[in-house]
$ cat work28.cif   # mmCIF, C-alpha atoms
data_start
#
loop_
_atom_site.label_atom_id
_atom_site.label_comp_id
_atom_site.auth_asym_id
_atom_site.auth_seq_id
_atom_site.Cartn_x
_atom_site.Cartn_y
_atom_site.Cartn_z
CA MET G 8 0.00 0.00 0.00
CA THR G 9 1.32 3.45 -0.93
CA GLU G 10 1.44 5.85 1.99
CA ARG G 11 -0.20 9.23 1.56
CA PRO G 12 2.27 12.13 1.79
CA ALA G 13 2.30 14.05 5.03
CA PRO G 14 0.89 17.61 4.98
CA ALA G 15 3.42 20.23 3.94
CA ARG G 16 5.03 22.18 6.78
CA VAL G 17 7.69 24.82 7.23
CA VAL G 18 11.11 23.40 8.17
CA PRO G 19 13.12 25.65 10.53
CA ALA G 20 16.40 26.97 9.11
CA VAL G 21 18.57 25.00 11.53
CA ALA G 22 16.68 21.78 10.85
CA ARG G 23 16.94 22.39 7.09
CA ARG G 24 20.71 22.81 7.33
CA ASP G 25 20.94 19.58 9.31
CA LEU G 26 18.90 17.73 6.70
CA LEU G 27 21.07 19.06 3.88
CA ARG G 28 24.23 18.12 5.77
CA LEU G 29 22.92 14.58 6.36
CA ALA G 30 21.90 14.21 2.73
CA GLY G 31 25.32 15.39 1.58
CA ALA G 32 27.12 13.06 3.93
CA THR G 33 24.98 10.13 2.83
CA ALA G 34 25.60 10.87 -0.85
CA ALA G 35 29.32 11.15 -0.18
CA GLY G 36 29.18 7.88 1.66
CA TRP G 37 27.70 6.12 -1.37
CA LEU G 38 30.45 7.53 -3.58
CA VAL G 39 33.22 6.50 -1.20
CA LEU G 40 31.83 3.03 -0.69
CA GLY G 41 30.88 2.51 -4.30
CA ALA G 42 27.52 1.31 -3.05
CA THR G 43 23.95 2.15 -3.93
CA PRO G 44 20.70 2.01 -1.98
CA ASP G 45 19.89 -1.10 -4.05
CA ARG G 46 22.78 -2.98 -2.39
CA MET G 47 22.01 -3.12 1.30
CA ARG G 48 24.82 -5.04 3.02
CA LEU G 49 24.05 -7.47 5.81
CA VAL G 50 26.24 -7.79 8.90
CA ALA G 51 25.26 -10.69 11.15
CA THR G 52 26.52 -11.53 14.63
CA LEU G 53 26.22 -14.48 16.96
CA THR G 54 26.38 -13.98 20.72
CA ALA G 55 26.55 -16.51 23.54
CA LEU G 56 24.65 -14.10 25.79
CA PRO G 57 20.85 -14.07 26.01
CA LEU G 58 19.32 -11.24 24.01
CA ASP G 59 17.87 -9.81 27.23
CA ASP G 60 21.27 -9.82 28.98
CA GLU G 61 22.36 -6.39 30.19
CA LEU G 62 25.49 -6.47 28.01
CA THR G 63 23.46 -7.33 24.91
CA LYS G 64 20.85 -4.64 25.55
CA ARG G 65 23.50 -2.00 26.27
CA SER G 66 25.31 -2.86 23.06
CA MET G 67 23.00 -0.73 20.96
CA THR G 68 23.21 2.35 23.14
CA GLU G 69 26.61 2.43 24.87
CA ALA G 70 29.18 2.12 22.11
CA ALA G 71 32.18 2.62 24.35
CA THR G 72 31.34 -0.17 26.76
CA THR G 73 30.26 -3.13 24.64
CA ARG G 74 31.60 -4.99 21.64
CA LEU G 75 28.46 -4.81 19.51
CA GLY G 76 27.82 -1.17 20.31
CA GLY G 77 31.43 -0.41 19.45
CA LEU G 78 31.09 -2.32 16.18
CA ILE G 79 28.10 -0.29 15.06
CA ALA G 80 29.75 2.98 16.10
CA GLY G 81 32.97 1.98 14.36
CA LEU G 82 31.16 1.13 11.15
CA ARG G 83 29.36 4.46 11.27
CA GLN G 84 32.73 6.24 11.44
CA ARG G 85 33.72 4.37 8.30
CA GLY G 86 30.62 5.39 6.35
CA TRP G 87 28.31 2.48 7.14
CA VAL G 88 24.99 3.69 8.53
CA GLU G 89 22.56 1.10 9.84
CA GLY G 90 19.33 1.19 7.88
CA VAL G 91 20.94 3.24 5.10
CA ASN G 92 23.61 1.06 3.51
CA PHE G 93 23.77 -1.90 5.86
CA ARG G 94 21.47 -3.98 8.00
CA PHE G 95 22.41 -5.61 11.30
CA GLU G 96 21.09 -8.99 12.45
CA ILE G 97 21.86 -10.64 15.80
CA ARG G 98 21.12 -14.14 17.04
CA SER G 99 21.76 -15.70 20.45
CA SER G 100 23.22 -19.18 20.88
CA PHE G 101 22.30 -19.22 24.58
CA GLY G 102 20.45 -22.39 25.54
CA GLY G 103 22.69 -25.32 24.64
CA PRO G 104 23.94 -27.15 21.53
CA ASP G 105 20.55 -27.29 19.80
CA LYS G 106 20.06 -23.55 20.23
CA LEU G 107 23.54 -22.90 18.86
CA LYS G 108 22.86 -25.05 15.81
CA THR G 109 19.56 -23.29 15.17
CA ALA G 110 21.04 -19.80 15.58
CA VAL G 111 23.91 -20.59 13.20
CA GLN G 112 21.56 -21.95 10.55
CA GLU G 113 19.32 -18.89 10.83
CA LEU G 114 22.30 -16.63 10.17
CA ILE G 115 23.55 -18.75 7.27
CA ASP G 116 20.09 -18.68 5.67
CA LEU G 117 20.18 -14.87 5.71
CA LYS G 118 23.21 -14.99 3.35
CA PRO G 119 25.04 -12.19 5.19
CA ASP G 120 28.08 -10.41 3.79
CA VAL G 121 30.00 -11.15 7.00
CA ILE G 122 29.36 -12.91 10.31
CA LEU G 123 30.89 -11.66 13.56
CA THR G 124 31.34 -14.26 16.30
CA GLY G 125 32.10 -13.59 19.95
CA SER G 126 33.69 -16.78 21.27
CA THR G 127 35.71 -19.82 20.25
CA GLY G 128 32.70 -22.14 20.40
CA GLU G 129 30.59 -19.90 18.21
CA THR G 130 33.38 -19.54 15.66
CA ALA G 131 33.79 -23.31 15.43
CA ALA G 132 30.05 -23.77 14.89
CA VAL G 133 29.79 -21.13 12.16
CA LEU G 134 32.96 -22.30 10.41
CA ALA G 135 31.59 -25.84 10.35
CA ALA G 136 28.48 -24.53 8.60
CA THR G 137 30.10 -22.36 5.92
CA LYS G 138 33.41 -22.16 4.10
CA THR G 139 32.35 -19.23 1.93
CA ILE G 140 30.72 -16.54 4.09
CA PRO G 141 33.44 -14.34 5.68
CA ILE G 142 33.76 -14.76 9.45
CA VAL G 143 35.40 -12.35 11.92
CA PHE G 144 35.91 -13.62 15.47
CA ALA G 145 35.95 -10.83 18.05
CA THR G 146 37.84 -13.08 20.47
CA SER G 147 39.58 -16.44 20.16
CA ASN G 148 42.21 -17.84 22.46
CA ASP G 149 43.87 -20.36 20.13
CA PRO G 150 42.74 -19.89 16.52
CA VAL G 151 45.62 -21.93 15.07
CA GLY G 152 45.27 -24.76 17.59
CA ASN G 153 41.51 -24.84 17.03
CA GLY G 154 42.04 -25.14 13.28
CA PHE G 155 40.34 -21.84 12.43
CA VAL G 156 43.33 -20.39 10.56
CA GLU G 157 46.50 -21.72 8.94
CA SER G 158 48.63 -19.13 10.73
CA LEU G 159 48.14 -15.79 12.47
CA ALA G 160 49.91 -13.89 9.69
CA HIS G 161 48.17 -15.71 6.83
CA PRO G 162 44.81 -17.11 8.00
CA GLY G 163 43.64 -18.39 4.61
CA GLY G 164 40.09 -19.61 4.15
CA ASN G 165 37.11 -17.46 5.11
CA VAL G 166 37.94 -16.49 8.69
CA THR G 167 40.09 -14.01 10.61
CA GLY G 168 39.81 -11.92 13.75
CA PHE G 169 41.37 -11.12 17.10
CA THR G 170 42.92 -13.21 19.85
CA SER G 171 42.27 -12.49 23.50
CA SER G 172 44.00 -14.40 26.27
CA THR G 173 47.16 -16.46 25.72
CA ALA G 174 47.91 -19.76 27.45
CA GLU G 175 50.32 -17.97 29.82
CA MET G 176 47.41 -16.04 31.30
CA GLY G 177 46.68 -18.94 33.65
CA GLY G 178 50.00 -18.36 35.40
CA LYS G 179 49.47 -14.61 35.44
CA TRP G 180 46.07 -14.92 37.12
CA PHE G 181 47.63 -17.16 39.74
CA GLN G 182 50.43 -14.68 40.45
CA LEU G 183 47.97 -11.83 40.92
CA ILE G 184 45.53 -13.64 43.19
CA LYS G 185 48.48 -14.98 45.21
CA GLU G 186 49.64 -11.40 45.81
CA ALA G 187 46.16 -10.46 46.99
CA VAL G 188 45.83 -13.60 49.15
CA PRO G 189 49.42 -14.44 50.13
CA ASP G 190 48.44 -17.06 52.70
CA MET G 191 46.28 -19.18 50.40
CA ALA G 192 47.05 -22.91 50.45
CA ARG G 193 44.86 -23.91 47.52
CA VAL G 194 43.36 -22.28 44.46
CA GLY G 195 40.07 -23.29 42.88
CA VAL G 196 39.67 -23.03 39.11
CA LEU G 197 36.12 -22.33 37.95
CA PHE G 198 35.18 -23.23 34.36
CA ASN G 199 32.70 -25.04 32.14
CA PRO G 200 34.55 -27.73 30.15
CA ALA G 201 32.06 -27.36 27.31
CA SER G 202 32.70 -23.65 26.71
CA THR G 203 36.25 -22.83 27.82
CA PRO G 204 39.23 -23.32 25.45
CA ARG G 205 40.39 -26.95 25.29
CA ALA G 206 38.07 -27.81 28.17
CA GLY G 207 40.24 -25.66 30.45
CA ARG G 208 43.61 -27.19 29.61
CA PHE G 209 44.59 -24.18 27.48
CA PHE G 210 45.19 -22.17 30.68
CA LEU G 211 45.82 -24.89 33.23
CA GLU G 212 49.38 -25.84 32.30
CA SER G 213 50.87 -22.42 33.09
CA LEU G 214 48.60 -22.05 36.13
CA GLU G 215 49.66 -25.39 37.56
CA GLN G 216 53.34 -24.61 37.00
CA GLU G 217 53.07 -21.36 38.96
CA ALA G 218 51.08 -23.03 41.73
CA ALA G 219 53.63 -25.83 42.08
CA THR G 220 56.42 -23.28 42.45
CA SER G 221 54.50 -21.63 45.29
CA GLY G 222 53.44 -24.87 46.96
CA VAL G 223 49.75 -24.17 46.37
CA ASP G 224 47.32 -26.97 45.51
CA VAL G 225 45.23 -26.54 42.35
CA VAL G 226 41.65 -27.76 42.76
CA LEU G 227 39.52 -27.90 39.62
CA ALA G 228 35.91 -26.76 39.92
CA PRO G 229 34.21 -27.69 36.64
CA ILE G 230 30.53 -26.80 36.32
CA GLY G 231 28.00 -27.31 33.56
CA LYS G 232 24.85 -25.71 34.94
CA ALA G 233 24.05 -22.45 36.67
CA ALA G 234 22.61 -24.42 39.60
CA GLU G 235 26.11 -25.80 40.30
CA ILE G 236 27.73 -22.39 40.86
CA ASP G 237 26.83 -21.99 44.54
CA GLY G 238 28.07 -25.41 45.52
CA ALA G 239 31.28 -25.12 43.51
CA ILE G 240 32.27 -21.87 45.23
CA SER G 241 31.12 -22.85 48.72
CA ARG G 242 33.74 -25.64 48.74
CA PHE G 243 36.45 -22.99 49.05
CA SER G 244 35.00 -21.17 52.05
CA GLU G 245 36.40 -23.63 54.58
CA PRO G 246 40.04 -24.15 55.64
CA PRO G 247 42.65 -24.49 54.31
CA LYS G 248 42.72 -20.90 53.03
CA ALA G 249 41.64 -20.68 49.41
CA ALA G 250 41.12 -18.28 46.52
CA MET G 251 39.69 -18.88 43.06
CA ILE G 252 40.36 -18.15 39.40
CA SER G 253 37.67 -17.78 36.75
CA LEU G 254 38.83 -18.94 33.32
CA VAL G 255 37.88 -17.31 30.01
CA ASP G 256 34.48 -18.87 29.47
CA SER G 257 31.30 -17.52 27.85
CA PHE G 258 29.21 -19.63 30.26
CA LEU G 259 30.78 -17.83 33.21
CA VAL G 260 30.19 -14.43 31.59
CA VAL G 261 26.50 -15.26 31.16
CA ASN G 262 26.31 -16.27 34.84
CA ARG G 263 28.59 -13.52 36.19
CA GLN G 264 26.01 -12.10 38.58
CA ALA G 265 25.46 -15.46 40.28
CA ILE G 266 29.20 -16.14 40.47
CA VAL G 267 30.04 -12.80 42.05
CA ALA G 268 27.11 -13.13 44.46
CA ALA G 269 28.35 -16.56 45.58
CA THR G 270 31.90 -15.29 46.18
CA ALA G 271 30.47 -12.53 48.40
CA LYS G 272 28.17 -14.96 50.21
CA TYR G 273 31.00 -17.40 51.01
CA ARG G 274 33.74 -14.74 51.25
CA VAL G 275 35.91 -16.38 48.60
CA PRO G 276 38.39 -14.10 46.74
CA MET G 277 38.32 -14.65 42.98
CA ILE G 278 40.13 -13.11 40.01
CA TYR G 279 38.31 -12.80 36.68
CA PRO G 280 39.43 -12.45 33.05
CA PHE G 281 37.12 -9.58 32.03
CA HIS G 282 35.90 -6.29 33.46
CA TYR G 283 32.31 -7.53 33.04
CA PHE G 284 32.74 -9.34 36.36
CA MET G 285 33.99 -6.15 38.00
CA ASP G 286 30.87 -4.34 36.85
CA ALA G 287 28.93 -7.06 38.68
CA GLY G 288 30.88 -6.43 41.90
CA GLY G 289 33.92 -8.69 41.52
CA LEU G 290 37.19 -8.37 43.47
CA MET G 291 39.75 -8.09 40.66
CA SER G 292 40.20 -8.81 36.97
CA TYR G 293 43.08 -9.03 34.56
CA GLY G 294 42.72 -9.37 30.83
CA PRO G 295 42.79 -7.65 27.45
CA THR G 296 41.13 -4.27 27.24
CA LEU G 297 38.66 -5.71 24.71
CA GLU G 298 39.17 -2.87 22.28
CA VAL G 299 36.51 -2.91 19.61
CA ARG G 300 38.67 -3.41 16.52
CA SER G 301 36.31 -5.72 14.66
CA ALA G 302 34.84 -2.72 12.79
CA ASP G 303 38.16 -2.40 10.95
CA TYR G 304 37.91 -5.90 9.52
CA VAL G 305 34.15 -5.88 8.91
CA ASP G 306 34.60 -2.63 6.96
CA LEU G 307 37.42 -4.06 4.83
CA ILE G 308 35.43 -7.22 4.09
CA LEU G 309 32.35 -5.22 3.09
CA ARG G 310 34.60 -3.32 0.67
CA GLY G 311 35.83 -6.54 -0.93
CA THR G 312 38.87 -7.72 1.05
CA LYS G 313 39.04 -11.48 1.65
CA ALA G 314 38.90 -12.50 5.31
CA GLY G 315 41.75 -14.97 4.82
CA ASP G 316 44.05 -12.16 3.65
CA LEU G 317 43.68 -10.22 6.92
CA PRO G 318 46.15 -11.26 9.66
CA VAL G 319 44.84 -12.32 13.05
CA GLN G 320 45.64 -9.58 15.57
CA SER G 321 46.63 -9.95 19.24
CA PRO G 322 45.57 -7.68 22.13
CA ARG G 323 47.45 -4.40 22.31
CA LYS G 324 46.98 -3.89 26.02
CA TYR G 325 46.02 -5.75 29.19
CA GLU G 326 44.43 -4.13 32.21
CA LEU G 327 44.31 -4.88 35.93
CA LEU G 328 41.23 -3.74 37.87
CA ILE G 329 40.87 -3.98 41.65
CA ASN G 330 37.91 -3.17 43.88
CA ARG G 331 39.19 -2.17 47.33
CA THR G 332 35.72 -2.06 48.85
CA VAL G 333 35.14 -5.69 47.88
CA ALA G 334 38.63 -6.55 49.19
CA ARG G 335 37.81 -5.06 52.59
CA SER G 336 34.52 -6.96 52.72
CA LEU G 337 36.52 -10.17 52.21
CA GLY G 338 38.97 -9.22 54.94
CA LEU G 339 41.81 -8.60 52.48
CA THR G 340 44.39 -5.85 52.54
CA ILE G 341 45.63 -5.44 48.98
CA PRO G 342 49.42 -4.77 49.00
CA PHE G 343 50.50 -1.35 47.81
CA THR G 344 52.80 -2.99 45.27
CA LEU G 345 49.75 -4.58 43.63
CA LEU G 346 47.60 -1.46 43.83
CA ALA G 347 50.40 0.54 42.19
CA ARG G 348 50.19 -1.70 39.12
CA ALA G 349 46.42 -1.46 38.78
CA ASP G 350 45.00 0.37 35.77
CA GLU G 351 41.87 1.13 37.75
CA ILE G 352 41.07 0.99 41.48
CA ARG G 353 37.40 0.93 42.34
CA GLU G 354 35.89 1.84 45.70
#
$ encode --input "work28.cif" --output "structure tokens"
Amino acid sequence: MTERPAPARVVPAVARRDLLRLAGATAAGWLVLGATPDRMRLVATLTALPLDDELTKRSMTEAATTRLGGLIAGLRQRGWVEGVNFRFEIRSSFGGPDKLKTAVQELIDLKPDVILTGSTGETAAVLAATKTIPIVFATSNDPVGNGFVESLAHPGGNVTGFTSSTAEMGGKWFQLIKEAVPDMARVGVLFNPASTPRAGRFFLESLEQEAATSGVDVVLAPIGKAAEIDGAISRFSEPPKAAMISLVDSFLVVNRQAIVAATAKYRVPMIYPFHYFMDAGGLMSYGPTLEVRSADYVDLILRGTKAGDLPVQSPRKYELLINRTVARSLGLTIPFTLLARADEIRE
């Protein structure tokens, strides 16, 4: 049905100038991109978080604080305007293997120009479903070991992206939590074998080496359901003195609120790999700054560059965050030498 035109009205001078500026910018954008309104590009993304998760909802409004929001803002800076020359589709894989399979197939059926994935598991699932649609992983801990790319410098195939934590991070997390809890006799390692790299072993070798040097026992705390979180953490509230480490794991990110709440309930110090846990009230975190660089690669792919020709990039910076208020509530006095190295101290 053809819509009837709206009644004519007078446009204020300022508004008219804004409209002309927008029209000029849009026209220039078409010229730069070599695109036309007839060729709407489709950028698809797969997230392990529920669509009603706070991080997912914030992604469309707080560009500086979330990956997806940063992607959209970054594309806008490069001339891609949502609803004008590209369309954005998002699907959630939250809910188990069947949900992941369904979400991947839905994205493939859309025939997108590029698919952005957010975790190692998602990348593996999408790559198994297509060898032609370009894929950009926002984070991956071991893309060569997982068989995603031939090498970091020359990925080949239809996938590229950005690494996050290296295998040595396990030892680094141990060193940091040991400084915060110098009298700990054991360290619990929280992870979901189904969603953490190499079922946890990717980080455990370096962690176990550091623990052995310090005479600290490593106690694995694998969980597979949210209902298991409370019990897994409560085990470390009794003597001998313990602290915990959260591995890089999309399952743990989804359940960050419950994890942080349990550590407070049982007074168990824990270090996390991402600032998302700090935002939920965690004690300390150490990991990559999670710069939103995926817009660079999505832009290049939309302009015709092959994903396999773009080298996989490593994090440019790591950050240490400490919450002194949480430390005090746990009965900890964070050493000045550790506070001095923190990128951010929260109260």
$ residues_around --input "work28.cif" --residues "Ala234 (chain G)" --least-positions-apart "4" --cutoff "12 Å" --atoms "only C-alpha atoms" --output "list in words"
Ile230, Gly238, Ala239, Ile240, Asn262, Ala265, Ile266 and Ala269 of chain G
$ closest_residue --input "work28.cif" --among "G:Met285, G:Val319, G:Ala192, G:Leu107" --to "Gly163 (chain G)" --atoms "only C-alpha atoms"
G:Val319
$ resolve_selection --input "work28.cif" --expression "the PyMOL selection byres ((chain G and resi 182) around 12)" --output "PDB file with C-alpha atoms, in the coordinates of the input"
ATOM      1  CA  GLU G 175      50.320 -17.970  29.820  1.00  0.00           C
ATOM      2  CA  MET G 176      47.410 -16.040  31.300  1.00  0.00           C
ATOM      3  CA  GLY G 177      46.680 -18.940  33.650  1.00  0.00           C
ATOM      4  CA  GLY G 178      50.000 -18.360  35.400  1.00  0.00           C
ATOM      5  CA  LYS G 179      49.470 -14.610  35.440  1.00  0.00           C
ATOM      6  CA  TRP G 180      46.070 -14.920  37.120  1.00  0.00           C
ATOM      7  CA  PHE G 181      47.630 -17.160  39.740  1.00  0.00           C
ATOM      8  CA  LEU G 183      47.970 -11.830  40.920  1.00  0.00           C
ATOM      9  CA  ILE G 184      45.530 -13.640  43.190  1.00  0.00           C
ATOM     10  CA  LYS G 185      48.480 -14.980  45.210  1.00  0.00           C
ATOM     11  CA  GLU G 186      49.640 -11.400  45.810  1.00  0.00           C
ATOM     12  CA  ALA G 187      46.160 -10.460  46.990  1.00  0.00           C
ATOM     13  CA  VAL G 188      45.830 -13.600  49.150  1.00  0.00           C
ATOM     14  CA  PRO G 189      49.420 -14.440  50.130  1.00  0.00           C
ATOM     15  CA  MET G 191      46.280 -19.180  50.400  1.00  0.00           C
ATOM     16  CA  VAL G 194      43.360 -22.280  44.460  1.00  0.00           C
ATOM     17  CA  SER G 213      50.870 -22.420  33.090  1.00  0.00           C
ATOM     18  CA  LEU G 214      48.600 -22.050  36.130  1.00  0.00           C
ATOM     19  CA  GLU G 215      49.660 -25.390  37.560  1.00  0.00           C
ATOM     20  CA  GLN G 216      53.340 -24.610  37.000  1.00  0.00           C
ATOM     21  CA  GLU G 217      53.070 -21.360  38.960  1.00  0.00           C
ATOM     22  CA  ALA G 218      51.080 -23.030  41.730  1.00  0.00           C
ATOM     23  CA  ALA G 219      53.630 -25.830  42.080  1.00  0.00           C
ATOM     24  CA  THR G 220      56.420 -23.280  42.450  1.00  0.00           C
ATOM     25  CA  SER G 221      54.500 -21.630  45.290  1.00  0.00           C
ATOM     26  CA  VAL G 223      49.750 -24.170  46.370  1.00  0.00           C
ATOM     27  CA  ALA G 250      41.120 -18.280  46.520  1.00  0.00           C
ATOM     28  CA  MET G 251      39.690 -18.880  43.060  1.00  0.00           C
ATOM     29  CA  ILE G 252      40.360 -18.150  39.400  1.00  0.00           C
ATOM     30  CA  ILE G 278      40.130 -13.110  40.010  1.00  0.00           C
ATOM     31  CA  TYR G 293      43.080  -9.030  34.560  1.00  0.00           C
ATOM     32  CA  LEU G 345      49.750  -4.580  43.630  1.00  0.00           C
TER      33      LEU G 345
END
$ resolve_selection --input "work28.cif" --expression "the PyMOL selection byres ((chain G and resi 136) around 8)" --output "PyMOL selection string"
chain G and resi 111-112+115+132-135+137-138
$ write_last_selection --input "work28.cif" --atoms "C-alpha atoms" --output "compact mmCIF listing (two decimals), keeping the file's coordinate frame"
# COMPACT_ATOMS: atom_id res chain seq x y z
CA VAL G 111 23.91 -20.59 13.20
CA GLN G 112 21.56 -21.95 10.55
CA ILE G 115 23.55 -18.75 7.27
CA ALA G 132 30.05 -23.77 14.89
CA VAL G 133 29.79 -21.13 12.16
CA LEU G 134 32.96 -22.30 10.41
CA ALA G 135 31.59 -25.84 10.35
CA THR G 137 30.10 -22.36 5.92
CA LYS G 138 33.41 -22.16 4.10
$ atom_distance --input "work28.cif" --atom1 "CA of Leu259 (chain G)" --atom2 "CA of Ser336 (chain G)"
22.6 Å
$ atom_distance --input "work28.cif" --atom1 "CA of Leu117 (chain G)" --atom2 "CA of Gln320 (chain G)"
27.8 Å
$ residues_around --input "work28.cif" --residues "Glu96 (chain G)" --least-positions-apart "4" --cutoff "7 Å" --atoms "only C-alpha atoms" --output "list in words"
Val50, Ala51 and Thr52 of chain G
$ write_last_selection --input "work28.cif" --atoms "C-alpha atoms" --output "CSV table (one decimal), in the frame of the given file"
chain,number,residue,atom,x,y,z
G,50,VAL,CA,26.2,-7.8,8.9
G,51,ALA,CA,25.3,-10.7,11.2
G,52,THR,CA,26.5,-11.5,14.6
$ resolve_selection --input "work28.cif" --expression "the PyMOL selection byres ((chain G and resi 349) around 9)" --output "list in words"
Glu326, Leu327, Leu328, Ile329, Leu345, Leu346, Ala347, Arg348, Asp350, Glu351 and Ile352 of chain G
$ write_last_selection --input "work28.cif" --atoms "C-alpha atoms" --output "mmCIF file, in the frame of the given file"
data_model
loop_
_atom_site.group_PDB
_atom_site.id
_atom_site.type_symbol
_atom_site.label_atom_id
_atom_site.label_comp_id
_atom_site.auth_asym_id
_atom_site.auth_seq_id
_atom_site.Cartn_x
_atom_site.Cartn_y
_atom_site.Cartn_z
ATOM 1 C CA GLU G 326 44.430 -4.130 32.210
ATOM 2 C CA LEU G 327 44.310 -4.880 35.930
ATOM 3 C CA LEU G 328 41.230 -3.740 37.870
ATOM 4 C CA ILE G 329 40.870 -3.980 41.650
ATOM 5 C CA LEU G 345 49.750 -4.580 43.630
ATOM 6 C CA LEU G 346 47.600 -1.460 43.830
ATOM 7 C CA ALA G 347 50.400 0.540 42.190
ATOM 8 C CA ARG G 348 50.190 -1.700 39.120
ATOM 9 C CA ASP G 350 45.000 0.370 35.770
ATOM 10 C CA GLU G 351 41.870 1.130 37.750
ATOM 11 C CA ILE G 352 41.070 0.990 41.480
#
$ atom_distance --input "work28.cif" --atom1 "CA of Val261 (chain G)" --atom2 "CA of Arg274 (chain G)"
21.4 Å
$ closest_residue --input "work28.cif" --among "G:Tyr279, G:Phe169, G:Phe144, G:Tyr304" --to "Arg85 (chain G)" --atoms "only C-alpha atoms"
G:Tyr304
$ closest_residue --input "work28.cif" --among "G:Asn165, G:Thr127, G:Asn330, G:Thr54" --to "Arg353 (chain G)" --atoms "all atoms listed in the file"
G:Asn330
$ build_atoms --input "work28.cif" --residues "region 202-213 of chain G" --atoms "N, CA, C and O atoms" --output "PDB file, keeping the file's coordinate frame"
ATOM      1  N   SER G 202      32.636 -24.974  27.339  1.00  0.00           N
ATOM      2  CA  SER G 202      32.700 -23.650  26.710  1.00  0.00           C
ATOM      3  C   SER G 202      33.999 -22.898  26.933  1.00  0.00           C
ATOM      4  O   SER G 202      34.152 -21.773  26.449  1.00  0.00           O
ATOM      5  N   THR G 203      34.948 -23.484  27.643  1.00  0.00           N
ATOM      6  CA  THR G 203      36.250 -22.830  27.820  1.00  0.00           C
ATOM      7  C   THR G 203      37.258 -23.502  26.897  1.00  0.00           C
ATOM      8  O   THR G 203      37.106 -24.677  26.565  1.00  0.00           O
ATOM      9  N   PRO G 204      38.273 -22.766  26.427  1.00  0.00           N
ATOM     10  CA  PRO G 204      39.230 -23.320  25.450  1.00  0.00           C
ATOM     11  C   PRO G 204      39.876 -24.624  25.909  1.00  0.00           C
ATOM     12  O   PRO G 204      40.378 -24.722  27.027  1.00  0.00           O
ATOM     13  N   ARG G 205      39.818 -25.626  25.040  1.00  0.00           N
ATOM     14  CA  ARG G 205      40.390 -26.950  25.290  1.00  0.00           C
ATOM     15  C   ARG G 205      39.933 -27.528  26.627  1.00  0.00           C
ATOM     16  O   ARG G 205      40.703 -28.144  27.355  1.00  0.00           O
ATOM     17  N   ALA G 206      38.672 -27.307  26.931  1.00  0.00           N
ATOM     18  CA  ALA G 206      38.070 -27.810  28.170  1.00  0.00           C
ATOM     19  C   ALA G 206      38.848 -27.370  29.403  1.00  0.00           C
ATOM     20  O   ALA G 206      38.850 -28.043  30.433  1.00  0.00           O
ATOM     21  N   GLY G 207      39.504 -26.212  29.321  1.00  0.00           N
ATOM     22  CA  GLY G 207      40.240 -25.660  30.450  1.00  0.00           C
ATOM     23  C   GLY G 207      41.734 -25.852  30.366  1.00  0.00           C
ATOM     24  O   GLY G 207      42.501 -25.087  30.958  1.00  0.00           O
ATOM     25  N   ARG G 208      42.190 -26.867  29.646  1.00  0.00           N
ATOM     26  CA  ARG G 208      43.610 -27.190  29.610  1.00  0.00           C
ATOM     27  C   ARG G 208      44.451 -26.085  28.959  1.00  0.00           C
ATOM     28  O   ARG G 208      45.655 -25.988  29.227  1.00  0.00           O
ATOM     29  N   PHE G 209      43.843 -25.253  28.145  1.00  0.00           N
ATOM     30  CA  PHE G 209      44.590 -24.180  27.480  1.00  0.00           C
ATOM     31  C   PHE G 209      45.285 -23.288  28.501  1.00  0.00           C
ATOM     32  O   PHE G 209      46.405 -22.830  28.287  1.00  0.00           O
ATOM     33  N   PHE G 210      44.631 -23.048  29.643  1.00  0.00           N
ATOM     34  CA  PHE G 210      45.190 -22.170  30.680  1.00  0.00           C
ATOM     35  C   PHE G 210      45.827 -22.933  31.839  1.00  0.00           C
ATOM     36  O   PHE G 210      46.638 -22.381  32.580  1.00  0.00           O
ATOM     37  N   LEU G 211      45.448 -24.176  32.016  1.00  0.00           N
ATOM     38  CA  LEU G 211      45.820 -24.890  33.230  1.00  0.00           C
ATOM     39  C   LEU G 211      47.305 -25.225  33.333  1.00  0.00           C
ATOM     40  O   LEU G 211      47.858 -25.258  34.433  1.00  0.00           O
ATOM     41  N   GLU G 212      47.975 -25.458  32.222  1.00  0.00           N
ATOM     42  CA  GLU G 212      49.380 -25.840  32.300  1.00  0.00           C
ATOM     43  C   GLU G 212      50.223 -24.752  32.969  1.00  0.00           C
ATOM     44  O   GLU G 212      50.991 -25.017  33.908  1.00  0.00           O
ATOM     45  N   SER G 213      50.085 -23.507  32.500  1.00  0.00           N
ATOM     46  CA  SER G 213      50.870 -22.420  33.090  1.00  0.00           C
ATOM     47  C   SER G 213      50.417 -22.130  34.518  1.00  0.00           C
ATOM     48  O   SER G 213      51.223 -21.796  35.393  1.00  0.00           O
TER      49      SER G 213
END
